[in-house]
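Undergrad: What follows is entry04.csv, made up of CSV, C-alpha atoms:
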```csv
chain,number,residue,atom,x,y,z
A,1,MET,CA,90.8,17.8,20.6
A,2,ALA,CA,91.8,14.5,22.0
A,3,LEU,CA,90.2,11.4,20.5
A,4,PRO,CA,88.6,9.1,22.9
A,5,HIS,CA,91.0,6.4,23.9
A,6,ARG,CA,90.4,3.2,22.0
A,7,GLY,CA,93.3,1.1,23.1
A,8,TYR,CA,95.1,-1.5,21.0
A,9,LEU,CA,92.9,-2.9,18.2
A,10,GLY,CA,90.1,-0.9,19.7
A,11,GLN,CA,89.2,-3.2,22.6
A,12,ASN,CA,88.1,-0.2,24.6
A,13,ALA,CA,85.7,0.9,21.9
A,14,PRO,CA,82.1,1.2,23.1
A,15,VAL,CA,80.6,-2.3,23.1
A,16,SER,CA,77.5,-2.5,20.9
A,17,ARG,CA,77.4,-6.2,20.3
A,18,VAL,CA,74.2,-8.2,20.9
A,19,ASN,CA,74.3,-10.4,24.0
A,20,ARG,CA,74.3,-14.0,22.7
A,21,ALA,CA,72.1,-15.3,25.5
A,22,THR,CA,69.6,-12.6,24.8
A,23,ALA,CA,69.6,-13.2,21.1
A,24,ALA,CA,69.1,-17.0,21.7
A,25,GLN,CA,66.2,-16.4,24.1
A,26,SER,CA,64.6,-14.0,21.6
A,27,LEU,CA,64.9,-16.4,18.7
A,28,SER,CA,63.5,-19.3,20.8
A,29,VAL,CA,60.4,-17.3,21.7
A,30,SER,CA,60.0,-15.9,18.2
A,31,LEU,CA,60.0,-19.3,16.6
A,32,THR,CA,57.7,-21.0,19.2
A,33,VAL,CA,55.1,-18.2,19.1
A,34,GLY,CA,55.5,-17.5,15.4
A,35,ALA,CA,54.8,-21.1,14.5
A,36,TYR,CA,51.4,-20.7,16.1
A,37,GLY,CA,50.7,-18.2,13.3
A,38,ILE,CA,49.9,-21.2,11.1
A,39,ALA,CA,46.8,-21.9,13.1
A,40,PHE,CA,45.8,-18.2,12.9
A,41,GLY,CA,46.4,-18.2,9.1
A,42,ALA,CA,44.0,-21.1,8.8
A,43,ALA,CA,41.4,-19.6,11.2
A,44,SER,CA,39.9,-17.1,8.7
A,45,VAL,CA,39.8,-16.0,5.1
A,46,ALA,CA,43.4,-15.6,3.8
A,47,ALA,CA,43.5,-11.8,3.3
A,48,GLY,CA,41.8,-11.2,6.6
A,49,SER,CA,44.3,-13.3,8.6
A,50,CYS,CA,47.3,-11.7,6.9
A,51,LEU,CA,46.0,-8.2,7.3
A,52,LEU,CA,45.3,-8.8,11.0
A,53,SER,CA,48.8,-10.2,11.6
A,54,LEU,CA,50.4,-7.3,9.9
A,55,LEU,CA,48.3,-4.5,11.4
A,56,THR,CA,46.8,-5.8,14.7
A,57,PHE,CA,49.8,-7.9,15.7
A,58,THR,CA,48.6,-9.1,19.0
A,59,GLY,CA,47.6,-12.8,18.8
A,60,ALA,CA,44.8,-13.1,21.4
A,61,SER,CA,42.9,-10.1,19.8
A,62,GLN,CA,43.3,-11.6,16.3
A,63,PHE,CA,41.9,-15.0,17.3
A,64,ALA,CA,39.1,-13.2,19.2
A,65,VAL,CA,37.9,-11.0,16.3
A,66,VAL,CA,37.9,-13.8,13.7
A,67,GLY,CA,36.2,-16.1,16.3
A,68,VAL,CA,33.4,-13.6,17.0
A,69,LEU,CA,32.7,-12.8,13.4
A,70,GLY,CA,33.1,-16.4,12.3
A,71,ALA,CA,30.4,-17.3,14.9
A,72,GLY,CA,28.1,-14.7,13.3
A,73,GLY,CA,28.8,-11.9,15.8
A,74,SER,CA,28.7,-8.2,14.8
A,75,ALA,CA,31.7,-6.1,13.8
A,76,LEU,CA,31.2,-4.1,17.0
A,77,SER,CA,31.2,-7.1,19.3
A,78,GLY,CA,34.3,-8.4,17.5
A,79,ILE,CA,36.1,-5.2,17.9
A,80,ALA,CA,35.1,-4.9,21.6
A,81,THR,CA,36.2,-8.4,22.5
A,82,ALA,CA,39.5,-8.0,20.7
A,83,THR,CA,40.1,-4.6,22.2
A,84,LEU,CA,39.6,-5.9,25.7
A,85,LEU,CA,42.3,-8.5,25.1
A,86,GLY,CA,44.6,-5.7,23.9
A,87,VAL,CA,44.4,-3.7,27.1
A,88,ARG,CA,47.2,-5.5,28.6
A,89,ASN,CA,49.5,-4.2,25.9
A,90,THR,CA,48.9,-0.7,27.4
A,91,LEU,CA,50.2,-1.9,30.7
A,92,TYR,CA,53.2,-3.5,29.1
A,93,GLY,CA,53.9,-0.2,27.4
A,94,LEU,CA,53.9,1.6,30.7
A,95,ARG,CA,56.5,-0.9,31.9
A,96,MET,CA,58.6,-0.8,28.7
A,97,ALA,CA,58.6,2.9,28.0
A,98,PRO,CA,61.2,3.9,30.7
A,99,VAL,CA,63.4,0.9,29.7
A,100,LEU,CA,63.4,1.7,26.0
A,101,ASN,CA,63.4,5.4,26.3
A,102,VAL,CA,62.6,6.1,22.6
A,103,ARG,CA,60.7,8.9,20.9
A,104,GLY,CA,59.4,9.8,17.4
A,105,ILE,CA,59.2,7.0,14.8
A,106,LYS,CA,61.0,4.6,17.1
A,107,LYS,CA,58.3,5.0,19.6
A,108,ILE,CA,55.7,4.1,17.0
A,109,PHE,CA,57.6,0.9,16.1
A,110,ALA,CA,58.2,0.1,19.8
A,111,ALA,CA,54.4,0.5,20.4
A,112,GLN,CA,53.5,-1.8,17.6
A,113,LEU,CA,55.9,-4.4,18.9
A,114,THR,CA,54.7,-4.2,22.5
A,115,ILE,CA,53.2,-7.6,23.2
A,116,ASP,CA,53.4,-10.4,25.7
A,117,GLU,CA,56.5,-11.9,24.1
A,118,SER,CA,58.7,-8.8,23.7
A,119,THR,CA,57.8,-7.6,27.2
A,120,GLY,CA,58.4,-11.1,28.7
A,121,VAL,CA,61.9,-11.5,27.1
A,122,ALA,CA,62.8,-7.9,28.0
A,123,LEU,CA,62.0,-8.6,31.7
A,124,SER,CA,63.8,-11.9,31.6
A,125,GLN,CA,67.0,-10.1,30.4
A,126,GLU,CA,66.7,-7.2,32.8
A,127,HIS,CA,69.0,-8.7,35.4
A,128,LEU,CA,71.8,-8.6,32.8
A,129,GLY,CA,71.4,-4.9,32.3
A,130,VAL,CA,69.2,-2.3,30.6
A,131,ARG,CA,71.0,-2.9,27.3
A,132,GLU,CA,70.1,-6.6,27.3
A,133,ALA,CA,66.5,-5.7,28.2
A,134,ARG,CA,66.3,-3.4,25.2
A,135,GLN,CA,67.9,-5.9,22.9
A,136,GLY,CA,65.5,-8.6,24.2
A,137,PHE,CA,62.5,-6.3,23.5
A,138,TRP,CA,63.5,-5.4,20.0
A,139,LEU,CA,64.9,-8.8,18.9
A,140,THR,CA,61.8,-10.6,20.2
A,141,GLY,CA,59.4,-8.0,18.9
A,142,ILE,CA,60.9,-8.0,15.4
A,143,GLY,CA,61.4,-11.8,15.5
A,144,VAL,CA,57.8,-12.5,16.4
A,145,TYR,CA,56.6,-10.0,13.9
A,146,ILE,CA,58.5,-11.7,11.1
A,147,PHE,CA,57.7,-15.3,12.0
A,148,TRP,CA,54.1,-14.6,13.1
A,149,ASN,CA,53.4,-13.0,9.7
A,150,LEU,CA,55.3,-15.6,7.7
A,151,PHE,CA,53.5,-18.5,9.4
A,152,THR,CA,50.2,-16.7,9.1
A,153,LEU,CA,50.8,-16.5,5.4
A,154,ALA,CA,51.7,-20.2,5.3
A,155,GLY,CA,48.6,-21.1,7.2
A,156,ALA,CA,46.4,-18.8,5.0
A,157,LEU,CA,47.9,-20.4,1.8
A,158,GLY,CA,46.7,-23.7,3.1
A,159,ALA,CA,49.6,-25.3,5.0
A,160,GLN,CA,46.9,-27.6,6.4
A,161,ALA,CA,49.4,-30.4,6.7
A,162,MET,CA,50.6,-28.6,9.9
A,163,GLY,CA,47.0,-28.5,10.8
A,164,ASN,CA,46.1,-28.4,14.5
A,165,PRO,CA,48.8,-26.7,16.7
A,166,ALA,CA,48.0,-29.3,19.4
A,167,ALA,CA,49.4,-32.1,17.2
A,168,TRP,CA,52.8,-30.4,17.4
A,169,GLY,CA,52.6,-29.6,21.1
A,170,LEU,CA,52.5,-25.8,20.3
A,171,ASP,CA,49.5,-25.4,22.6
A,172,ALA,CA,51.8,-26.3,25.6
A,173,ALA,CA,55.0,-24.9,24.2
A,174,VAL,CA,53.6,-21.3,24.2
A,175,PRO,CA,52.6,-21.2,27.9
A,176,ALA,CA,55.8,-23.1,28.7
A,177,ALA,CA,57.8,-20.4,27.0
A,178,PHE,CA,56.1,-17.7,29.0
A,179,LEU,CA,56.6,-19.7,32.2
A,180,GLY,CA,60.3,-20.1,31.3
A,181,LEU,CA,60.6,-16.3,30.9
A,182,LEU,CA,58.9,-15.6,34.1
A,183,TRP,CA,60.3,-18.3,36.4
A,184,PRO,CA,63.8,-16.9,36.9
A,185,ARG,CA,62.3,-13.5,37.4
A,186,LEU,CA,60.4,-14.6,40.5
A,187,THR,CA,63.2,-13.9,42.9
A,188,ASN,CA,61.4,-13.2,46.1
A,189,LYS,CA,58.6,-14.7,48.1
A,190,SER,CA,56.2,-11.8,47.4
A,191,GLU,CA,56.7,-12.1,43.6
A,192,ARG,CA,56.1,-15.8,43.8
A,193,LEU,CA,53.0,-15.3,45.8
A,194,LEU,CA,51.8,-12.7,43.3
A,195,ALA,CA,52.4,-15.1,40.4
A,196,VAL,CA,50.4,-17.9,42.1
A,197,ALA,CA,47.6,-15.5,43.1
A,198,ALA,CA,47.4,-14.1,39.6
A,199,CYS,CA,47.0,-17.7,38.2
A,200,ALA,CA,44.3,-18.5,40.7
A,201,LEU,CA,42.3,-15.2,40.2
A,202,ALA,CA,42.5,-15.5,36.4
A,203,LEU,CA,41.3,-19.1,36.5
A,204,ALA,CA,38.5,-18.4,39.0
A,205,MET,CA,37.2,-15.5,36.8
A,206,THR,CA,37.5,-17.3,33.5
A,207,PRO,CA,34.1,-19.0,33.5
A,208,TYR,CA,32.2,-15.8,34.4
A,209,PHE,CA,33.9,-13.1,32.4
A,210,VAL,CA,34.5,-12.4,28.7
A,211,PRO,CA,38.0,-13.3,27.5
A,212,GLY,CA,40.6,-10.7,28.4
A,213,VAL,CA,39.0,-9.5,31.6
A,214,PRO,CA,40.4,-12.3,33.8
A,215,ILE,CA,44.0,-11.5,32.7
A,216,ILE,CA,43.7,-7.7,33.0
A,217,ALA,CA,42.0,-8.0,36.4
A,218,THR,CA,45.2,-9.5,37.9
A,219,ALA,CA,46.8,-6.0,37.5
A,220,LEU,CA,44.8,-5.2,40.6
A,221,LEU,CA,46.7,-7.8,42.5
A,222,ALA,CA,49.9,-6.2,41.4
A,223,VAL,CA,48.6,-2.9,42.7
A,224,ILE,CA,47.7,-4.5,46.0
A,225,PHE,CA,51.1,-6.3,46.3
A,226,GLY,CA,52.9,-3.0,45.4
A,227,LEU,CA,51.0,-1.0,48.1
A,228,ARG,CA,51.4,-3.7,50.7
A,229,ALA,CA,55.2,-3.9,50.1
A,230,ARG,CA,55.3,-0.2,51.0
A,231,ILE,CA,53.1,-0.4,54.1
A,232,TRP,CA,55.0,-3.4,55.5
A,233,ARG,CA,58.5,-2.2,54.8
B,1,MET,CA,40.3,-9.3,-4.2
B,2,GLU,CA,38.1,-6.4,-3.2
B,3,ILE,CA,38.1,-5.2,0.4
B,4,ASN,CA,34.8,-3.6,1.1
B,5,LEU,CA,35.0,-1.6,4.4
B,6,ILE,CA,31.2,-1.6,4.7
B,7,GLU,CA,31.3,-5.3,5.2
B,8,PRO,CA,31.3,-6.2,8.9
B,9,PHE,CA,34.4,-8.4,8.6
B,10,TRP,CA,36.6,-5.8,7.1
B,11,LEU,CA,35.2,-3.1,9.4
B,12,ALA,CA,36.1,-5.4,12.3
B,13,VAL,CA,39.7,-6.0,10.9
B,14,ILE,CA,40.4,-2.3,10.6
B,15,GLY,CA,38.7,-1.4,13.8
B,16,THR,CA,40.5,-4.0,15.8
B,17,SER,CA,43.9,-3.0,14.3
B,18,LEU,CA,43.2,0.7,15.1
B,19,PHE,CA,42.2,0.1,18.7
B,20,ALA,CA,45.1,-2.4,19.2
B,21,PHE,CA,47.6,0.3,18.1
B,22,LEU,CA,45.9,3.0,20.2
B,23,LEU,CA,46.1,0.9,23.3
B,24,LYS,CA,49.8,0.1,22.6
B,25,ILE,CA,50.8,3.7,22.0
B,26,LEU,CA,48.9,4.9,25.0
B,27,GLY,CA,51.1,2.9,27.3
B,28,HIS,CA,54.2,4.5,25.8
B,29,SER,CA,52.8,8.0,26.0
B,30,ILE,CA,52.1,8.3,29.7
B,31,PRO,CA,54.2,11.2,31.1
B,32,LYS,CA,57.3,9.8,32.9
B,33,LYS,CA,56.7,11.8,36.0
B,34,TRP,CA,53.4,10.0,36.7
B,35,LEU,CA,55.4,6.8,37.1
B,36,SER,CA,58.4,8.1,38.9
B,37,ASN,CA,57.4,7.8,42.6
B,38,PRO,CA,58.6,4.7,44.3
B,39,ARG,CA,55.1,3.2,44.8
B,40,ALA,CA,54.2,3.6,41.1
B,41,LEU,CA,57.6,2.1,40.1
B,42,LYS,CA,57.0,-0.9,42.4
B,43,ILE,CA,53.5,-1.4,41.0
B,44,ASN,CA,54.6,-0.9,37.4
B,45,SER,CA,57.3,-3.5,37.9
B,46,LEU,CA,54.9,-6.0,39.4
B,47,ILE,CA,52.1,-5.7,36.8
B,48,PRO,CA,53.7,-7.7,34.0
B,49,ILE,CA,54.5,-10.4,36.5
B,50,ALA,CA,50.8,-10.7,37.3
B,51,LEU,CA,49.7,-10.5,33.7
B,52,LEU,CA,52.1,-13.0,32.3
B,53,SER,CA,51.4,-15.4,35.2
B,54,ALA,CA,47.7,-15.2,34.5
B,55,LEU,CA,48.4,-15.7,30.8
B,56,VAL,CA,50.3,-18.9,31.5
B,57,ALA,CA,47.4,-20.2,33.6
B,58,VAL,CA,44.7,-19.2,31.0
B,59,GLN,CA,46.7,-20.8,28.2
B,60,SER,CA,47.4,-24.0,30.2
B,61,PHE,CA,44.0,-24.6,31.8
B,62,THR,CA,41.2,-23.1,29.8
B,63,GLN,CA,39.4,-23.7,26.6
B,64,ASP,CA,36.5,-21.5,25.5
B,65,SER,CA,36.0,-20.0,29.0
B,66,ARG,CA,36.0,-23.4,30.6
B,67,ILE,CA,38.6,-24.8,33.0
B,68,VAL,CA,40.0,-28.0,31.5
B,69,ALA,CA,42.8,-30.4,32.2
B,70,ASP,CA,44.2,-31.8,29.0
B,71,GLN,CA,47.5,-32.6,27.3
B,72,ARG,CA,48.7,-29.0,27.8
B,73,LEU,CA,48.7,-29.4,31.5
B,74,ALA,CA,51.1,-32.4,31.3
B,75,GLY,CA,53.3,-30.4,28.9
B,76,VAL,CA,53.4,-27.4,31.2
B,77,GLY,CA,54.0,-29.7,34.2
B,78,VAL,CA,57.1,-31.2,32.4
B,79,ALA,CA,58.2,-27.6,31.8
B,80,VAL,CA,57.9,-26.9,35.5
B,81,MET,CA,60.1,-29.9,36.3
B,82,ALA,CA,62.6,-28.8,33.6
B,83,LEU,CA,62.7,-25.3,35.3
B,84,ILE,CA,63.3,-26.8,38.7
B,85,LEU,CA,66.2,-28.8,37.3
B,86,ARG,CA,67.5,-25.5,35.8
B,87,ALA,CA,67.2,-26.7,32.2
B,88,PRO,CA,68.0,-24.2,29.4
B,89,PHE,CA,65.1,-22.3,28.0
B,90,PRO,CA,64.8,-24.3,24.7
B,91,VAL,CA,64.8,-27.6,26.7
B,92,VAL,CA,61.9,-26.2,28.7
B,93,VAL,CA,59.9,-25.3,25.6
B,94,ILE,CA,60.7,-28.5,23.6
B,95,SER,CA,60.0,-30.9,26.5
B,96,ALA,CA,56.6,-29.3,27.0
B,97,ALA,CA,55.8,-29.5,23.3
B,98,ALA,CA,57.0,-33.1,23.0
B,99,THR,CA,55.0,-34.2,26.1
B,100,SER,CA,51.8,-32.5,25.0
B,101,ALA,CA,52.1,-33.7,21.4
B,102,ALA,CA,52.7,-37.3,22.5
B,103,LEU,CA,49.6,-37.2,24.7
B,104,PHE,CA,47.6,-35.6,21.9
B,105,HIS,CA,48.4,-38.4,19.5
B,106,ILE,CA,47.8,-41.2,22.1
B,107,GLY,CA,44.6,-39.6,23.4
```
Kindly transcribe the structure held in the file into structure tokens.
TA:
Amino acid sequence: MALPHRGYLGQNAPVSRVNRATAAQSLSVSLTVGAYGIAFGAASVAAGSCLLSLLTFTGASQFAVVGVLGAGGSALSGIATATLLGVRNTLYGLRMAPVLNVRGIKKIFAAQLTIDESTGVALSQEHLGVREARQGFWLTGIGVYIFWNLFTLAGALGAQAMGNPAAWGLDAAVPAAFLGLLWPRLTNKSERLLAVAACALALAMTPYFVPGVPIIATALLAVIFGLRARIWR
Amino acid sequence: MEINLIEPFWLAVIGTSLFAFLLKILGHSIPKKWLSNPRALKINSLIPIALLSALVAVQSFTQDSRIVADQRLAGVGVAVMALILRAPFPVVVISAAATSAALFHIG
């Protein structure tokens, strides 16, 4: 049986290297978002924060549940609020599943790592190819998991010197990072219009709905835009 | 330290984690054929764009269900300028953080 042709010094060997730009993007996002974990670590009792970062691993839900219970809410209302904020991860999973194409134990890990950040980086790398999109997902998912948990631990152990994330500009760095991921992806007019409409709808709903709902509701805009594109084509 | 599951706090921690994972795995478990027609593919590709845009708006403009304009807005505004100037990603993030932090300390 003939061996696959590898060429001189194996240059023709299957390339499995990590794209440097993808790795850099993943690291930037992981560090920025991970650093916010300090604030979460300090937001509740130490063991509670650490357990939530390890198991729940979806920042908005974590802040919500400790917020509700900290304000004297019941376990049920805490779980309900947090769960509502986690619904968008289902929609991210729908988008990422065909890209990742994994099953078994890998699917379990992929699911746990399916969050705003991993999805955002995967989509920002998709124009480079499906391999880069996958690398972006895994590197960012694992990177955020590591940094988010380390910084949660630091915050829980009383790294109060870091104190308020606003003092470090982290409160603006996180939305700026998501914007930076999204911006180059908005390649046509209809996508730009969708982005602006989603911002407007979420802000308009914010004062009247519980947290989580205004963001998920914008999925309806995506449905409308998706159907319209078909009708008008 | 003892973790008592009957206590509301620990019940909430475990319940939140359980539901968070169920929601995540659900998205990965929808049969592929449900998503394979062109309309579903189009919608599926647009949904994260809508959600992440909304996330940026909510993180930049809201505080406890209120619309506010504070140092974050200036930081994100600088990020927009950096993006228009095609600055590299870390520059976008760091310029936003520096602007917001500077205003926080002045304000």
Undergrad: For chain A, which of B:Thr16, B:Ser95, B:Gln63, B:Asn37 is the closest residue, counting all atoms listed in the file?
TA: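 Checking each of B:Thr16, B:Ser95, B:Gln63, B:Asn37 against chain A, counting all atoms listed in the file, the winner is B:Thr16.
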Undergrad: Can you check which residues of chain A have any atom within 6 Å of chain B? Use all atoms listed in the file and format it as a ChimeraX atom specification.
TA: /A:55-56,75,79,86,89-91,93-95,97,111,167-170,172-173,175-177,195,198-199,202,206-207,215,218-219,222-223,226
Undergrad: Restricting the calculation to only C-alpha atoms: of A:Ser118, A:Ser124, A:Ser53, A:Gln135, which residue gets closest to Ile38 of chain A?
TA: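 Under the stated criterion, the closest residue is A:Ser53.
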Undergrad: Mind checking which residues fall within 10 Å of Leu85 of chain A, counting all atoms listed in the file, ignoring those fewer than 6 positions away in the same chain, and posting them as a list in words?
TA: Thr58, Gly59, Ala60, Ser61, Gln62, Ala64, Val210, Pro211, Gly212, Val213, Pro214, Ile215 and Ile216 of chain A; Ala20 of chain B
Undergrad: What is the atom CA of Leu100 of chain A to atom CA of Cys50 of chain A distance in Å?
TA: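 Separation of atom CA of Leu100 of chain A and atom CA of Cys50 of chain A: 28.3 Å.
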Undergrad: As an exercise, work out the distance from atom CA of Gly72 of chain A to atom CA of Ala47 of chain A in Å and give it to one decimal place.
TA: 18.6 Å
Undergrad: So which residues fall inside 8 Å of (42.2, -13.9, 11.6) if we count all atoms listed in the file? Mind giving them as a list of chain:residue names?
TA: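 Returned residue set, sorted by chain then number, is A:Phe40, A:Gly41, A:Ala42, A:Ala43, A:Ser44, A:Val45, A:Gly48, A:Ser49, A:Cys50, A:Leu52, A:Ser53, A:Gln62, A:Phe63, A:Val65, A:Val66, A:Gly67.
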Undergrad: Just the selected residues (C-alpha atoms), exported as a short mmCIF file (atom, residue, chain, number, x, y, z; two decimals), in the frame of the given file, please.
TA:
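The resulting file, again06.cif, is reproduced below:
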```cif
data_model
loop_
_atom_site.label_atom_id
_atom_site.label_comp_id
_atom_site.auth_asym_id
_atom_site.auth_seq_id
_atom_site.Cartn_x
_atom_site.Cartn_y
_atom_site.Cartn_z
CA PHE A 40 45.80 -18.20 12.90
CA GLY A 41 46.40 -18.20 9.10
CA ALA A 42 44.00 -21.10 8.80
CA ALA A 43 41.40 -19.60 11.20
CA SER A 44 39.90 -17.10 8.70
CA VAL A 45 39.80 -16.00 5.10
CA GLY A 48 41.80 -11.20 6.60
CA SER A 49 44.30 -13.30 8.60
CA CYS A 50 47.30 -11.70 6.90
CA LEU A 52 45.30 -8.80 11.00
CA SER A 53 48.80 -10.20 11.60
CA GLN A 62 43.30 -11.60 16.30
CA PHE A 63 41.90 -15.00 17.30
CA VAL A 65 37.90 -11.00 16.30
CA VAL A 66 37.90 -13.80 13.70
CA GLY A 67 36.20 -16.10 16.30
#
```
Undergrad: List as a list in words the residues having at least one atom at most 10 Å from position (68.4, -12.1, 20.9) as given in the file, counting only C-alpha atoms.
TA: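 Those within range, by chain then number, are Val18, Asn19, Arg20, Ala21, Thr22, Ala23, Ala24, Gln25, Ser26, Leu27, Ser28, Val29, Ser30, Val121, Ala122, Gln125, Glu132, Ala133, Arg134, Gln135, Gly136, Phe137, Trp138, Leu139, Thr140 and Gly143 of chain A.
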Undergrad: In Å to one decimal, how far is atom CA of Gly37 of chain A from atom CA of Phe151 of chain A?
TA: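 Going from atom CA of Phe151 of chain A over to atom CA of Gly37 of chain A covers 4.8 Å.
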